>>> print(open('protein_13.csv').read())   # CSV, C-alpha atoms
chain,number,residue,atom,x,y,z
A,1,MET,CA,0.0,0.0,0.0
A,2,ASP,CA,1.7,3.1,-1.3
A,3,ASP,CA,0.5,5.5,1.5
A,4,CYS,CA,0.9,3.1,4.4
A,5,ILE,CA,3.5,4.2,6.9
A,6,PHE,CA,4.1,0.7,8.1
A,7,CYS,CA,4.6,-0.5,4.6
A,8,LYS,CA,7.2,2.3,4.2
A,9,ILE,CA,8.9,1.2,7.4
A,10,ILE,CA,9.0,-2.4,6.2
A,11,LYS,CA,10.5,-1.3,2.9
A,12,GLY,CA,13.1,0.8,4.7
A,13,GLU,CA,11.8,4.1,3.3
A,14,ILE,CA,11.1,5.4,6.8
A,15,PRO,CA,13.6,4.7,9.6
A,16,SER,CA,12.6,2.7,12.6
A,17,LYS,CA,14.3,1.1,15.6
A,18,LYS,CA,13.8,-2.5,14.8
A,19,VAL,CA,13.9,-5.1,17.6
A,20,PHE,CA,12.9,-8.2,15.5
A,21,GLU,CA,12.7,-9.1,11.9
A,22,ASP,CA,12.1,-12.3,9.9
A,23,LYS,CA,10.7,-12.9,6.4
A,24,ASP,CA,7.0,-12.4,7.5
A,25,ILE,CA,7.2,-10.0,10.5
A,26,VAL,CA,8.9,-6.9,11.7
A,27,ALA,CA,8.8,-5.3,15.1
A,28,PHE,CA,10.0,-1.8,16.1
A,29,ASN,CA,9.7,0.6,18.9
A,30,ASP,CA,6.7,2.9,19.0
A,31,ILE,CA,7.8,6.4,18.2
A,32,ASN,CA,5.3,7.7,20.8
A,33,PRO,CA,5.7,5.2,23.6
A,34,LYS,CA,2.9,4.7,26.2
A,35,ALA,CA,5.0,2.5,28.4
A,36,PRO,CA,8.7,2.1,29.2
A,37,VAL,CA,8.7,-0.8,26.7
A,38,HIS,CA,6.4,-0.2,23.7
A,39,VAL,CA,7.0,-2.3,20.7
A,40,LEU,CA,4.8,-2.8,17.6
A,41,VAL,CA,4.7,-6.2,16.0
A,42,VAL,CA,3.6,-6.0,12.4
A,43,PRO,CA,3.1,-8.5,9.6
A,44,LYS,CA,5.0,-7.5,6.4
A,45,LYS,CA,1.9,-8.4,4.4
A,46,HIS,CA,-0.5,-5.4,4.4
A,47,ILE,CA,-3.6,-6.6,6.3
A,48,GLU,CA,-5.7,-3.8,7.6
A,49,SER,CA,-6.8,-5.3,10.9
A,50,LEU,CA,-8.2,-8.4,12.6
A,51,ALA,CA,-11.5,-7.5,11.0
A,52,ASN,CA,-10.0,-8.4,7.7
A,53,VAL,CA,-8.6,-11.8,8.3
A,54,ASP,CA,-9.9,-15.3,7.6
A,55,ALA,CA,-8.7,-18.8,8.0
A,56,ALA,CA,-6.1,-18.4,5.2
A,57,ASN,CA,-4.2,-16.1,7.6
A,58,LYS,CA,-4.0,-18.6,10.5
A,59,ASP,CA,-0.4,-19.5,10.0
A,60,LEU,CA,0.7,-15.8,9.8
A,61,LEU,CA,-1.3,-14.9,12.9
A,62,GLY,CA,0.1,-17.8,14.9
A,63,LYS,CA,3.6,-16.6,13.9
A,64,LEU,CA,2.8,-13.1,15.0
A,65,LEU,CA,1.9,-14.2,18.5
A,66,ILE,CA,4.9,-16.4,18.8
A,67,ALA,CA,7.0,-13.4,17.7
A,68,VAL,CA,5.2,-11.3,20.4
A,69,SER,CA,6.2,-13.9,23.0
A,70,GLU,CA,9.8,-13.9,21.8
A,71,ILE,CA,10.1,-10.1,21.7
A,72,ALA,CA,8.7,-9.9,25.2
A,73,ARG,CA,11.5,-12.2,26.4
A,74,LYS,CA,14.0,-10.2,24.4
A,75,THR,CA,12.9,-6.9,25.9
A,76,ASN,CA,12.8,-8.4,29.4
A,77,VAL,CA,9.1,-7.8,30.1
A,78,ASP,CA,8.1,-11.5,30.1
A,79,LYS,CA,8.6,-11.9,33.9
A,80,SER,CA,7.3,-8.5,35.0
A,81,GLY,CA,4.3,-8.7,32.8
A,82,TYR,CA,3.1,-7.1,29.6
A,83,LYS,CA,-0.1,-6.2,27.8
A,84,VAL,CA,-0.7,-7.1,24.1
A,85,VAL,CA,-3.2,-4.8,22.4
A,86,ALA,CA,-4.5,-4.7,18.8
A,87,ASN,CA,-6.9,-1.8,17.9
A,88,ASN,CA,-9.1,-2.9,15.0
A,89,GLY,CA,-10.7,0.0,13.2
A,90,GLU,CA,-10.6,3.7,13.6
A,91,GLY,CA,-13.6,3.5,16.0
A,92,ALA,CA,-11.4,1.5,18.4
A,93,GLY,CA,-8.5,3.9,18.1
A,94,GLN,CA,-6.5,2.3,15.3
A,95,LEU,CA,-4.2,5.0,14.0
A,96,VAL,CA,-2.3,3.1,11.3
A,97,LEU,CA,-4.6,0.9,9.2
A,98,HIS,CA,-2.0,-1.9,9.0
A,99,LEU,CA,-2.5,-4.7,11.5
A,100,HIS,CA,-0.2,-4.4,14.5
A,101,PHE,CA,0.1,-5.7,18.0
A,102,HIS,CA,1.3,-3.3,20.7
A,103,ILE,CA,3.5,-4.9,23.4
A,104,LEU,CA,3.4,-2.7,26.5
A,105,GLY,CA,5.4,-3.3,29.6
A,106,GLY,CA,8.3,-2.3,31.9
A,107,TRP,CA,6.2,-0.3,34.3
A,108,MET,CA,7.7,0.4,37.7
A,109,SER,CA,4.4,-0.6,39.3
A,110,LYS,CA,1.1,-1.6,37.8
A,111,PRO,CA,-0.2,-0.1,34.5
A,112,HIS,CA,-2.6,2.8,35.0
A,113,TRP,CA,-5.4,1.3,33.0
A,114,GLN,CA,-7.0,-2.1,33.2
A,115,VAL,CA,-9.4,-4.2,31.2
B,1,MET,CA,-5.7,-27.1,36.4
B,2,ASP,CA,-8.0,-27.9,39.3
B,3,ASP,CA,-8.2,-24.4,40.7
B,4,CYS,CA,-8.4,-22.5,37.4
B,5,ILE,CA,-11.8,-20.7,36.9
B,6,PHE,CA,-11.5,-20.9,33.2
B,7,CYS,CA,-10.8,-24.6,33.2
B,8,LYS,CA,-14.0,-25.0,35.3
B,9,ILE,CA,-16.0,-22.9,32.8
B,10,ILE,CA,-14.6,-25.0,30.0
B,11,LYS,CA,-15.6,-28.2,31.8
B,12,GLY,CA,-19.1,-26.7,32.5
B,13,GLU,CA,-18.5,-26.7,36.3
B,14,ILE,CA,-19.1,-22.9,36.4
B,15,PRO,CA,-21.8,-21.4,34.1
B,16,SER,CA,-21.0,-18.9,31.4
B,17,LYS,CA,-22.7,-17.2,28.5
B,18,LYS,CA,-20.9,-18.8,25.6
B,19,VAL,CA,-20.8,-17.0,22.3
B,20,PHE,CA,-18.5,-19.5,20.5
B,21,GLU,CA,-17.1,-22.9,21.0
B,22,ASP,CA,-15.1,-25.5,19.0
B,23,LYS,CA,-12.8,-28.3,20.0
B,24,ASP,CA,-9.9,-26.0,20.9
B,25,ILE,CA,-11.5,-22.7,21.9
B,26,VAL,CA,-14.3,-21.3,23.9
B,27,ALA,CA,-15.5,-17.7,24.2
B,28,PHE,CA,-17.9,-16.2,26.7
B,29,ASN,CA,-19.1,-12.9,28.0
B,30,ASP,CA,-17.0,-11.2,30.6
B,31,ILE,CA,-19.0,-11.2,33.9
B,32,ASN,CA,-17.6,-7.8,34.7
B,33,PRO,CA,-17.8,-6.0,31.3
B,34,LYS,CA,-15.7,-3.0,30.6
B,35,ALA,CA,-17.4,-2.2,27.3
B,36,PRO,CA,-20.9,-2.9,25.8
B,37,VAL,CA,-19.4,-5.9,24.1
B,38,HIS,CA,-16.8,-7.7,26.2
B,39,VAL,CA,-16.0,-11.3,25.3
B,40,LEU,CA,-13.2,-13.5,26.5
B,41,VAL,CA,-11.6,-15.9,24.0
B,42,VAL,CA,-9.9,-18.7,25.7
B,43,PRO,CA,-8.0,-21.8,24.5
B,44,LYS,CA,-9.3,-25.0,26.2
B,45,LYS,CA,-5.7,-26.1,26.8
B,46,HIS,CA,-4.4,-24.5,30.0
B,47,ILE,CA,-1.7,-22.1,29.0
B,48,GLU,CA,-0.9,-19.5,31.5
B,49,SER,CA,-0.2,-16.5,29.2
B,50,LEU,CA,1.7,-15.5,26.1
B,51,ALA,CA,4.8,-15.6,28.2
B,52,ASN,CA,4.5,-19.4,28.3
B,53,VAL,CA,4.1,-20.2,24.6
B,54,ASP,CA,6.6,-21.4,22.0
B,55,ALA,CA,6.5,-22.4,18.4
B,56,ALA,CA,4.6,-25.6,19.2
B,57,ASN,CA,1.6,-23.4,20.0
B,58,LYS,CA,1.6,-21.6,16.7
B,59,ASP,CA,-1.4,-23.4,15.2
B,60,LEU,CA,-3.5,-22.9,18.3
B,61,LEU,CA,-2.6,-19.2,18.6
B,62,GLY,CA,-3.5,-18.7,14.9
B,63,LYS,CA,-6.8,-20.3,15.5
B,64,LEU,CA,-7.5,-18.1,18.5
B,65,LEU,CA,-7.0,-14.9,16.4
B,66,ILE,CA,-9.2,-16.3,13.6
B,67,ALA,CA,-11.8,-17.0,16.3
B,68,VAL,CA,-11.5,-13.5,17.6
B,69,SER,CA,-12.1,-12.1,14.1
B,70,GLU,CA,-15.2,-14.4,13.7
B,71,ILE,CA,-16.6,-13.5,17.1
B,72,ALA,CA,-16.2,-9.8,16.4
B,73,ARG,CA,-18.3,-10.3,13.3
B,74,LYS,CA,-20.8,-12.3,15.2
B,75,THR,CA,-21.2,-9.7,17.9
B,76,ASN,CA,-21.4,-6.9,15.4
B,77,VAL,CA,-18.3,-4.9,16.4
B,78,ASP,CA,-16.2,-5.6,13.3
B,79,LYS,CA,-17.4,-2.5,11.5
B,80,SER,CA,-17.6,-0.1,14.4
B,81,GLY,CA,-14.2,-1.2,15.7
B,82,TYR,CA,-12.9,-3.3,18.6
B,83,LYS,CA,-9.8,-3.7,20.8
B,84,VAL,CA,-8.2,-7.0,21.4
B,85,VAL,CA,-6.2,-7.2,24.7
B,86,ALA,CA,-4.2,-9.9,26.4
B,87,ASN,CA,-2.8,-9.2,29.8
B,88,ASN,CA,0.2,-11.4,30.4
B,89,GLY,CA,1.3,-11.8,34.0
B,90,GLU,CA,-0.1,-10.4,37.2
B,91,GLY,CA,2.2,-7.3,36.8
B,92,ALA,CA,0.2,-6.5,33.6
B,93,GLY,CA,-3.2,-6.9,35.3
B,94,GLN,CA,-3.8,-10.5,34.3
B,95,LEU,CA,-6.5,-11.7,36.8
B,96,VAL,CA,-7.0,-15.3,35.7
B,97,LEU,CA,-3.8,-17.1,34.9
B,98,HIS,CA,-5.2,-18.9,31.9
B,99,LEU,CA,-4.4,-17.2,28.5
B,100,HIS,CA,-7.4,-15.2,27.2
B,101,PHE,CA,-8.0,-12.4,24.7
B,102,HIS,CA,-10.5,-9.7,25.6
B,103,ILE,CA,-12.6,-8.4,22.7
B,104,LEU,CA,-13.9,-4.9,23.6
B,105,GLY,CA,-16.3,-2.9,21.5
B,106,GLY,CA,-19.7,-1.5,20.9
B,107,TRP,CA,-19.0,1.9,22.4
B,108,MET,CA,-21.4,4.7,21.5
B,109,SER,CA,-18.4,6.9,20.7
B,110,LYS,CA,-14.6,6.3,21.1
B,111,PRO,CA,-13.2,4.2,23.9
B,112,HIS,CA,-12.0,6.2,26.9
B,113,TRP,CA,-8.5,4.9,26.8
B,114,GLN,CA,-6.0,4.6,24.1
B,115,VAL,CA,-2.6,3.0,23.4
>>> encode(input="protein_13.csv", output="structure tokens")
Amino acid sequence: MDDCIFCKIIKGEIPSKKVFEDKDIVAFNDINPKAPVHVLVVPKKHIESLANVDAANKDLLGKLLIAVSEIARKTNVDKSGYKVVANNGEGAGQLVLHLHFHILGGWMSKPHWQV
Amino acid sequence: MDDCIFCKIIKGEIPSKKVFEDKDIVAFNDINPKAPVHVLVVPKKHIESLANVDAANKDLLGKLLIAVSEIARKTNVDKSGYKVVANNGEGAGQLVLHLHFHILGGWMSKPHWQV
């Protein structure tokens, strides 16, 4: 998608601080972090959100969550705890319409919001 | 796990309002909803959190997110937008130590919190 900021990051046209990359997935630090550790985990394939997936995406989605788990270990939030959030649709606060999972952690105490 | 409330729900020992079930996954309404639509999507296998998964769980995790997408359609939040949240570890606010994804949606306007 020509005008997608995450597609541009994936292609290297916009810089990012990558913390993980393989052939299907890239992860980088959020430029406007909401927690001491705030990483975005993104499929390289442009999928708008979870509202746009079907069974054909099962393998990629499984890989994304395995990557989330690995990145949480790598960023040392696996023991202290972390939230994983995906906003799906602008009505839910999705700012970039390319599927991404937020990893949020590293708080000194508990996070200030809760579901 | 004998003392896990979600394992008891899965076994039918504790009632729940199920919105989805297949051989690997069950989904039911949160008893303390934080949004007009608040569903928990849970693997039947007792996995504590995403901090406890590895590549062997890829297929199940992919299925879980496909189920999330299907349940969002079924509960009519796919077009208006929904958040998907997994709290991993007590330090991140995980209350039941059995992996679960929250689906939150159906707000009249935007959700009151944002990441």
>>> closest_atom_pairs(input="protein_13.csv", of="chain B", to="chain A", cutoff="6 Å", atoms="only C-alpha atoms", output="tab-separated table")
residue	atom	partner	partner_atom	distance
B:Leu50	CA	A:Ser69	CA	5.7
B:Ala51	CA	A:Asp78	CA	5.6
B:Lys58	CA	A:Gly62	CA	4.5
B:Asp59	CA	A:Gly62	CA	5.8
B:Leu61	CA	A:Gly62	CA	4.8
B:Gly62	CA	A:Gly62	CA	3.7
B:Lys63	CA	A:Lys58	CA	6.0
B:Ser69	CA	A:Ala51	CA	5.6
B:Asp78	CA	A:Ala51	CA	5.6
B:Ser80	CA	A:Gly91	CA	5.6
B:Gly81	CA	A:Gly89	CA	4.5
B:Tyr82	CA	A:Ala92	CA	5.0
B:Lys83	CA	A:Asn87	CA	4.5
B:Val84	CA	A:Ala86	CA	5.1
B:Val85	CA	A:Val85	CA	4.5
B:Ala86	CA	A:Val84	CA	5.0
B:Asn87	CA	A:Lys83	CA	4.5
B:Asn88	CA	A:Tyr82	CA	5.2
B:Gly89	CA	A:Gly81	CA	4.5
B:Gly91	CA	A:Gly81	CA	4.7
B:Ala92	CA	A:Gly81	CA	4.7
B:Lys110	CA	A:Gly91	CA	5.9
>>> atom_distance(input="protein_13.csv", atom1="atom CA of Lys18 of chain A", atom2="atom CA of Leu99 of chain B")
27.1 Å
>>> atom_distance(input="protein_13.csv", atom1="atom CA of Glu48 of chain A", atom2="atom CA of Leu40 of chain B")
22.5 Å
>>> atom_distance(input="protein_13.csv", atom1="atom CA of Cys4 of chain B", atom2="atom CA of His98 of chain B")
7.3 Å
